[in-house]
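Listing of my_file-v3.csv, CSV, C-alpha atoms and all ligand atoms
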```
chain,number,residue,atom,x,y,z
F,1,MET,CA,50.5,81.6,90.3
F,2,SER,CA,53.9,80.2,91.4
F,3,CYS,CA,56.3,81.3,94.1
F,4,PHE,CA,59.7,82.9,93.4
F,5,SER,CA,62.4,80.2,93.7
F,6,SER,CA,66.1,80.9,93.2
F,7,ALA,CA,68.2,79.5,96.1
F,8,ASP,CA,71.5,81.3,95.3
F,9,GLU,CA,69.9,84.6,94.8
F,10,SER,CA,67.7,84.4,97.9
F,11,ALA,CA,70.7,83.3,100.0
F,12,HIS,CA,72.8,86.2,98.7
F,13,TYR,CA,70.0,88.6,99.5
F,14,GLY,CA,69.4,87.3,103.0
F,15,PHE,CA,73.1,87.1,103.9
F,16,SER,CA,73.8,90.6,102.6
F,17,VAL,CA,70.8,92.2,104.3
F,18,CYS,CA,72.0,90.5,107.6
F,19,MET,CA,75.5,91.8,107.1
F,20,LEU,CA,74.4,95.4,106.3
F,21,LEU,CA,71.9,95.5,109.1
F,22,GLU,CA,74.5,94.2,111.6
F,23,GLN,CA,77.2,96.6,110.3
F,24,TYR,CA,75.0,99.7,110.3
F,25,ARG,CA,72.8,98.8,113.3
F,26,THR,CA,73.1,102.2,115.1
F,27,GLU,CA,72.7,104.3,111.9
F,28,LEU,CA,69.7,102.4,110.6
F,29,ARG,CA,67.9,102.4,114.0
F,30,TRP,CA,66.2,99.1,113.1
F,31,ALA,CA,66.1,97.8,116.6
F,32,GLU,CA,63.9,100.8,117.5
F,33,GLU,CA,61.8,101.1,114.3
F,34,GLY,CA,61.9,97.7,112.6
F,35,VAL,CA,62.0,97.6,108.8
F,36,VAL,CA,59.6,97.0,105.9
F,37,GLU,CA,60.1,94.7,103.0
F,38,LEU,CA,58.9,94.8,99.4
F,39,GLY,CA,58.5,91.2,98.1
F,40,THR,CA,58.5,88.4,100.7
F,41,GLY,CA,58.7,85.4,98.3
F,42,ASP,CA,58.6,82.3,100.5
F,43,ALA,CA,60.2,84.3,103.3
F,44,THR,CA,63.1,81.9,103.9
F,45,ALA,CA,65.9,84.4,103.2
F,46,ILE,CA,64.8,87.0,105.6
F,47,ALA,CA,63.3,84.5,108.2
F,48,ASP,CA,67.0,83.4,108.7
F,49,VAL,CA,67.9,87.1,109.3
F,50,VAL,CA,65.1,87.6,111.8
F,51,VAL,CA,66.3,84.5,113.7
F,52,ALA,CA,69.9,85.7,113.6
F,53,LEU,CA,69.1,89.3,114.8
F,54,PRO,CA,66.8,89.0,117.9
F,55,GLY,CA,65.9,92.7,118.0
F,56,LEU,CA,64.7,92.8,114.4
F,57,ARG,CA,61.0,93.2,113.3
F,58,VAL,CA,60.1,93.0,109.6
F,59,HIS,CA,56.7,93.9,108.1
F,60,SER,CA,56.6,92.5,104.5
F,61,PHE,CA,54.3,92.7,101.5
F,62,ASP,CA,53.9,90.5,98.5
F,63,ILE,CA,51.4,90.6,95.6
F,64,SER,CA,51.5,86.8,95.0
F,65,PRO,CA,49.0,84.9,97.1
F,66,SER,CA,50.9,81.6,96.8
F,67,SER,CA,54.1,83.4,98.0
F,68,VAL,CA,52.3,84.8,101.0
F,69,ALA,CA,50.8,81.4,101.9
F,70,ALA,CA,54.3,79.7,101.7
F,71,ALA,CA,55.8,82.6,103.6
F,72,GLN,CA,53.3,82.4,106.4
F,73,ALA,CA,53.9,78.6,106.8
F,74,ASN,CA,57.7,79.1,106.8
F,75,ILE,CA,57.5,81.9,109.3
F,76,GLU,CA,55.2,79.9,111.6
F,77,ALA,CA,57.6,76.9,111.3
F,78,ARG,CA,60.5,79.0,112.6
F,79,GLY,CA,58.5,80.4,115.5
F,80,ILE,CA,59.1,84.1,114.5
F,81,ALA,CA,55.5,85.1,113.6
F,82,ASP,CA,55.7,87.8,116.3
F,83,ARG,CA,58.6,89.5,114.5
F,84,TYR,CA,58.1,88.7,110.8
F,85,THR,CA,54.7,89.6,109.5
F,86,VAL,CA,53.4,89.4,105.9
F,87,GLU,CA,50.6,91.0,104.1
F,88,LEU,CA,49.1,90.2,100.7
F,89,GLY,CA,49.2,93.3,98.5
F,90,ASP,CA,51.1,95.9,96.6
F,91,PHE,CA,53.9,97.4,98.8
F,92,PHE,CA,53.3,100.8,97.3
F,93,ASP,CA,49.6,100.8,98.1
F,94,GLN,CA,49.8,99.3,101.6
F,95,ALA,CA,53.1,100.4,103.3
F,96,ASP,CA,52.0,104.0,103.6
F,97,ALA,CA,48.5,103.1,104.8
F,98,ALA,CA,49.7,100.6,107.4
F,99,GLY,CA,49.9,103.2,110.1
F,100,GLY,CA,52.2,102.8,113.2
F,101,PRO,CA,55.4,104.5,113.8
F,102,PRO,CA,57.4,105.7,110.8
F,103,VAL,CA,60.0,103.3,109.5
F,104,SER,CA,63.1,104.7,107.8
F,105,THR,CA,64.5,101.4,106.3
F,106,VAL,CA,63.1,99.3,103.5
F,107,ILE,CA,64.7,96.1,102.3
F,108,SER,CA,64.0,94.3,99.0
F,109,ASN,CA,65.1,91.9,96.4
F,110,PRO,CA,62.7,93.6,94.0
F,111,PRO,CA,61.4,92.2,90.7
F,112,TYR,CA,64.1,93.1,88.2
F,113,ILE,CA,63.5,91.0,85.1
F,114,PRO,CA,63.6,93.3,82.1
F,115,ALA,CA,61.2,92.4,79.2
F,116,PRO,CA,59.1,94.3,76.6
F,117,ASP,CA,56.0,93.4,78.5
F,118,ARG,CA,54.6,91.5,81.6
F,119,ASP,CA,54.0,88.2,79.7
F,120,ILE,CA,56.9,86.3,81.2
F,121,LEU,CA,57.4,83.1,83.2
F,122,MET,CA,56.5,84.8,86.5
F,123,PRO,CA,54.8,88.1,85.7
F,124,GLU,CA,55.2,89.3,89.3
F,125,LEU,CA,59.0,89.5,88.6
F,126,TRP,CA,58.6,91.9,85.7
F,127,GLY,CA,60.7,95.1,86.4
F,128,GLY,CA,59.6,97.0,83.4
F,129,VAL,CA,61.3,97.4,80.0
F,130,TYR,CA,64.7,98.1,81.7
F,131,GLY,CA,64.1,96.0,84.8
F,132,ASN,CA,64.5,98.8,87.3
F,133,ASP,CA,61.0,100.2,87.5
F,134,LEU,CA,60.3,99.0,91.1
F,135,MET,CA,63.8,99.9,92.3
F,136,LEU,CA,63.2,103.5,91.0
F,137,GLN,CA,59.8,103.6,92.6
F,138,LEU,CA,61.3,102.4,95.9
F,139,LEU,CA,63.9,105.1,95.8
F,140,LYS,CA,61.1,107.7,95.3
F,141,ALA,CA,59.0,106.3,98.2
F,142,GLY,CA,60.6,108.5,100.8
F,143,TYR,CA,62.6,106.0,103.0
F,144,ASP,CA,65.9,107.3,104.3
F,145,ASN,CA,67.6,103.9,103.9
F,146,VAL,CA,67.0,101.5,101.0
F,147,ILE,CA,68.7,98.1,101.1
F,148,ALA,CA,68.1,96.5,97.8
F,149,ALA,CA,69.4,94.0,95.2
F,150,VAL,CA,70.6,95.7,92.0
F,151,ALA,CA,71.2,93.5,89.0
F,152,SER,CA,73.9,94.2,86.4
F,153,TYR,CA,71.5,93.8,83.4
F,154,SER,CA,68.7,96.0,84.8
F,155,ASP,CA,70.1,99.5,83.9
F,156,PRO,CA,72.1,100.0,87.1
F,157,LEU,CA,73.6,103.2,85.8
F,158,THR,CA,70.2,104.9,85.8
F,159,THR,CA,69.4,103.4,89.2
F,160,VAL,CA,72.6,104.8,90.8
F,161,ARG,CA,72.3,108.2,89.1
F,162,THR,CA,68.6,108.5,90.1
F,163,ALA,CA,69.5,107.6,93.6
F,164,ALA,CA,72.2,110.3,93.7
F,165,ASP,CA,69.7,112.8,92.2
F,166,LEU,CA,67.3,112.0,95.1
F,167,GLY,CA,70.1,112.5,97.7
F,168,TYR,CA,71.1,108.9,98.3
F,169,ARG,CA,74.7,107.7,98.7
F,170,VAL,CA,75.8,104.1,98.4
F,171,VAL,CA,77.2,103.4,101.8
F,172,ASN,CA,78.2,99.8,101.1
F,173,PHE,CA,77.3,96.7,99.2
F,174,LEU,CA,77.9,93.0,98.7
F,175,ALA,CA,78.2,91.7,95.1
F,176,MET,CA,78.0,88.2,93.8
F,177,GLY,CA,78.0,86.5,90.4
F,178,LEU,CA,74.8,84.5,89.6
F,179,ASP,CA,74.1,82.0,86.9
F,180,TYR,CA,71.1,82.7,84.7
F,181,GLY,CA,68.1,81.2,86.5
F,182,PRO,CA,64.8,80.1,85.0
F,183,TYR,CA,63.4,83.6,84.8
F,184,SER,CA,66.3,85.3,83.1
F,185,SER,CA,67.0,82.4,80.7
F,186,GLU,CA,63.5,82.5,79.2
F,187,PRO,CA,64.4,83.2,75.5
F,188,LYS,CA,62.2,86.3,75.3
F,189,VAL,CA,64.0,87.7,78.4
F,190,ARG,CA,67.4,86.6,77.4
F,191,ASP,CA,67.2,88.3,74.0
F,192,HIS,CA,65.9,91.4,75.6
F,193,ILE,CA,68.8,91.4,78.1
F,194,ARG,CA,71.3,91.0,75.2
F,195,ARG,CA,69.7,94.1,73.5
F,196,LEU,CA,69.8,96.2,76.6
F,197,CYS,CA,73.5,95.3,77.3
F,198,ALA,CA,74.4,96.1,73.6
F,199,ASP,CA,72.7,99.5,74.1
F,200,GLY,CA,74.9,100.2,77.2
F,201,ARG,CA,72.0,99.7,79.6
F,202,GLY,CA,73.7,97.0,81.6
F,203,TRP,CA,76.1,94.0,81.7
F,204,ALA,CA,75.6,90.3,81.4
F,205,GLY,CA,78.1,87.5,80.5
F,206,ASP,CA,77.4,84.4,78.5
F,207,ASP,CA,76.4,82.3,81.5
F,208,GLY,CA,75.5,84.8,84.2
F,209,TYR,CA,75.3,88.3,85.6
F,210,MET,CA,76.1,90.2,88.8
F,211,VAL,CA,73.8,91.2,91.7
F,212,ALA,CA,74.8,93.6,94.4
F,213,VAL,CA,72.8,94.1,97.6
F,214,ALA,CA,73.4,97.8,98.3
F,215,LEU,CA,72.6,100.2,101.2
F,216,PHE,CA,71.5,103.5,99.8
F,217,THR,CA,71.1,106.2,102.4
F,218,ARG,CA,70.2,109.8,102.9
F,219,ASN,CA,71.3,109.6,106.6
F,220,SER,CA,74.5,111.6,107.4
F,221,ASP,CA,75.3,109.3,110.3
F,222,ALA,CA,76.4,106.7,107.7
F,223,PRO,CA,79.1,108.5,105.7
F,224,GLY,CA,80.9,107.7,102.4
F,225,ASP,CA,79.8,107.0,98.9
F,226,ARG,CA,80.8,103.8,97.1
F,227,ALA,CA,78.6,104.4,94.0
F,228,ASP,CA,81.5,104.1,91.6
F,229,GLN,CA,82.7,100.9,93.2
F,230,LEU,CA,79.2,99.5,93.0
F,231,LEU,CA,79.0,100.2,89.3
F,232,ARG,CA,82.5,98.7,88.8
F,233,ALA,CA,81.4,95.6,90.7
F,234,LEU,CA,78.4,95.3,88.4
F,235,GLN,CA,80.9,95.4,85.4
F,236,LEU,CA,79.6,98.8,84.2
F,237,PRO,CA,82.1,101.0,82.4
F,238,LEU,CA,82.3,104.4,84.1
T,301,LIG,C1,62.7,88.5,93.3
T,301,LIG,S1,61.4,88.0,94.3
T,301,LIG,C2,62.2,88.1,95.9
T,301,LIG,C3,61.5,87.2,97.0
T,301,LIG,C4,62.3,87.1,98.3
T,301,LIG,N1,62.5,88.3,98.9
T,301,LIG,C5,63.7,86.4,98.0
T,301,LIG,O1,64.7,87.1,97.8
T,301,LIG,O2,63.7,85.2,98.0
T,301,LIG,C6,60.4,89.4,94.3
T,301,LIG,C7,59.0,89.3,95.0
T,301,LIG,O3,58.3,90.6,94.9
T,301,LIG,C8,56.9,90.3,94.8
T,301,LIG,N2,56.4,91.6,94.2
T,301,LIG,C9,56.3,92.0,93.0
T,301,LIG,N3,55.8,93.3,92.9
T,301,LIG,C10,55.4,93.6,94.2
T,301,LIG,C11,54.8,94.7,94.8
T,301,LIG,N4,54.4,95.8,94.0
T,301,LIG,N5,54.5,94.7,96.1
T,301,LIG,C12,54.9,93.7,96.8
T,301,LIG,N6,55.5,92.6,96.4
T,301,LIG,C13,55.8,92.5,95.0
T,301,LIG,C14,56.9,89.1,93.8
T,301,LIG,O4,55.7,88.5,93.9
T,301,LIG,C15,58.1,88.3,94.3
T,301,LIG,O5,57.7,87.3,95.3
```

Written as structure tokens, how would this file's structure read?
Amino acid sequence: MSCFSSADESAHYGFSVCMLLEQYRTELRWAEEGVVELGTGDATAIADVVVALPGLRVHSFDISPSSVAAAQANIEARGIADRYTVELGDFFDQADAAGGPPVSTVISNPPYIPAPDRDILMPELWGGVYGNDLMLQLLKAGYDNVIAAVASYSDPLTTVRTAADLGYRVVNFLAMGLDYGPYSSEPKVRDHIRRLCADGRGWAGDDGYMVAVALFTRNSDAPGDRADQLLRALQLPL
């Protein structure tokens, strides 16, 4: 098993999570409750956020043993093991059973590679046929606030509509263009992405795609709804 590696994407995720946590500190109550994370990877992206925000505690889960090993080493090296903890296992099996005080915010750069099946370069990154299976599962998991990466080729229209049906608004987001990385340029994946986009299930350019890290909330303390702007930033026609 390998460890997820995509420097631009991880940097975008970490920077955006930091910005959104800082901007919505009071509304998200993270200084009191901490946050949970689906998918640690090597932990470097969020380790920098934990260093930058001294009141932040993150409890993270990853199904990849090599990722958890790398993450624990990186967290130790930064001296933040008391505030950034990592468990090996499926987020959806473990987060509920973890006990402790309720946490209302989950953060994630979830697996979002769309493909006909799990037989891809890094199977842990498979997001189902449309790429948004884990994102939809996360929105149904009962958290009031979901800060997550949404990719333009992973059926974002369904994601945003499902979020609205579940009572979430898009409070804010940060969008960035990314070049195709090793996982999305695998021929089987690239062909599948082309088909999805042709069917109106997303957008991708010749060389890259868009990823937005968005704050979805059901908390009335954080008003507004930028769902349409999010879809436009992801190049989706409304
Ligand atoms: C796109 S990577 C993001 C890693 C890291 N957060 C980053 O941005 O650099 C997604 C991670 O989610 C993990 N993952 C996949 N399914 C999971 C699940 N059900 N529970 C926990 N982690 C999962 C994968 O092993 C992978 O490390």

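Residues having any atom no farther than 9 Å from (70.2, 96.8, 101.3) (counting all atoms listed in the file) are Tyr13, Ser16, Val17, Leu20, Leu21, Thr105, Val106, Ile107, Ser108, Asn109, Asn145, Val146, Ile147, Ala148, Ala149, Asn172, Phe173, Leu174, Ala212, Val213, Ala214, Leu215 and Phe216 of chain F.
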
In terms of the shortest atom-to-atom distance over all atoms listed in the file, which of F:Asp206, F:Asp48, F:Asp155, F:Asp62 is closest to Ser10 of chain F?
-> F:Asp48

Looking at F:Cys18, F:Cys197, F:Val68, F:Val150, which one is nearest to Met176 of chain F, with distances taken over only C-alpha atoms?
->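 Using only C-alpha atoms, Met176 of chain F sits closest to F:Val150.
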
Leu125 of chain F environment, 7 Å, all atoms listed in the file, sequence neighbours closer than 6 positions dropped, as an MDAnalysis selection string | chainID F and resid 111:113

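With distances taken over all atoms listed in the file, F:Gln94 is the one residue among F:Gln72, F:Thr159, F:Gln94, F:Thr85 lying closest to ligand LIG 301 (chain T).
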
Which polymer residues, protein or nucleic acid, are no farther than 9 Å from (61.0, 98.6, 111.2), counting all atoms listed in the file, as a list in words?
->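 Using all atoms listed in the file, the matching residues come out as Arg29, Trp30, Ala31, Glu32, Glu33, Gly34, Val35, Val36, Leu56, Arg57, Val58, His59, Pro101, Pro102, Val103, Ser104, Thr105 and Val106 of chain F.
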
Between atom C15 of ligand LIG 301 (chain T) and atom CA of Tyr180 of chain F, what is the distance, to one decimal in Å?
->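 Distance between the two atoms: 17.1 Å.
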
Go ahead and compute the interatomic distance for atom C2 of ligand LIG 301 (chain T) and atom CA of Val51 of chain F, in Å to one decimal.
->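 Taking atom C2 of ligand LIG 301 (chain T) as the start and atom CA of Val51 of chain F as the end point, the length is 18.6 Å.
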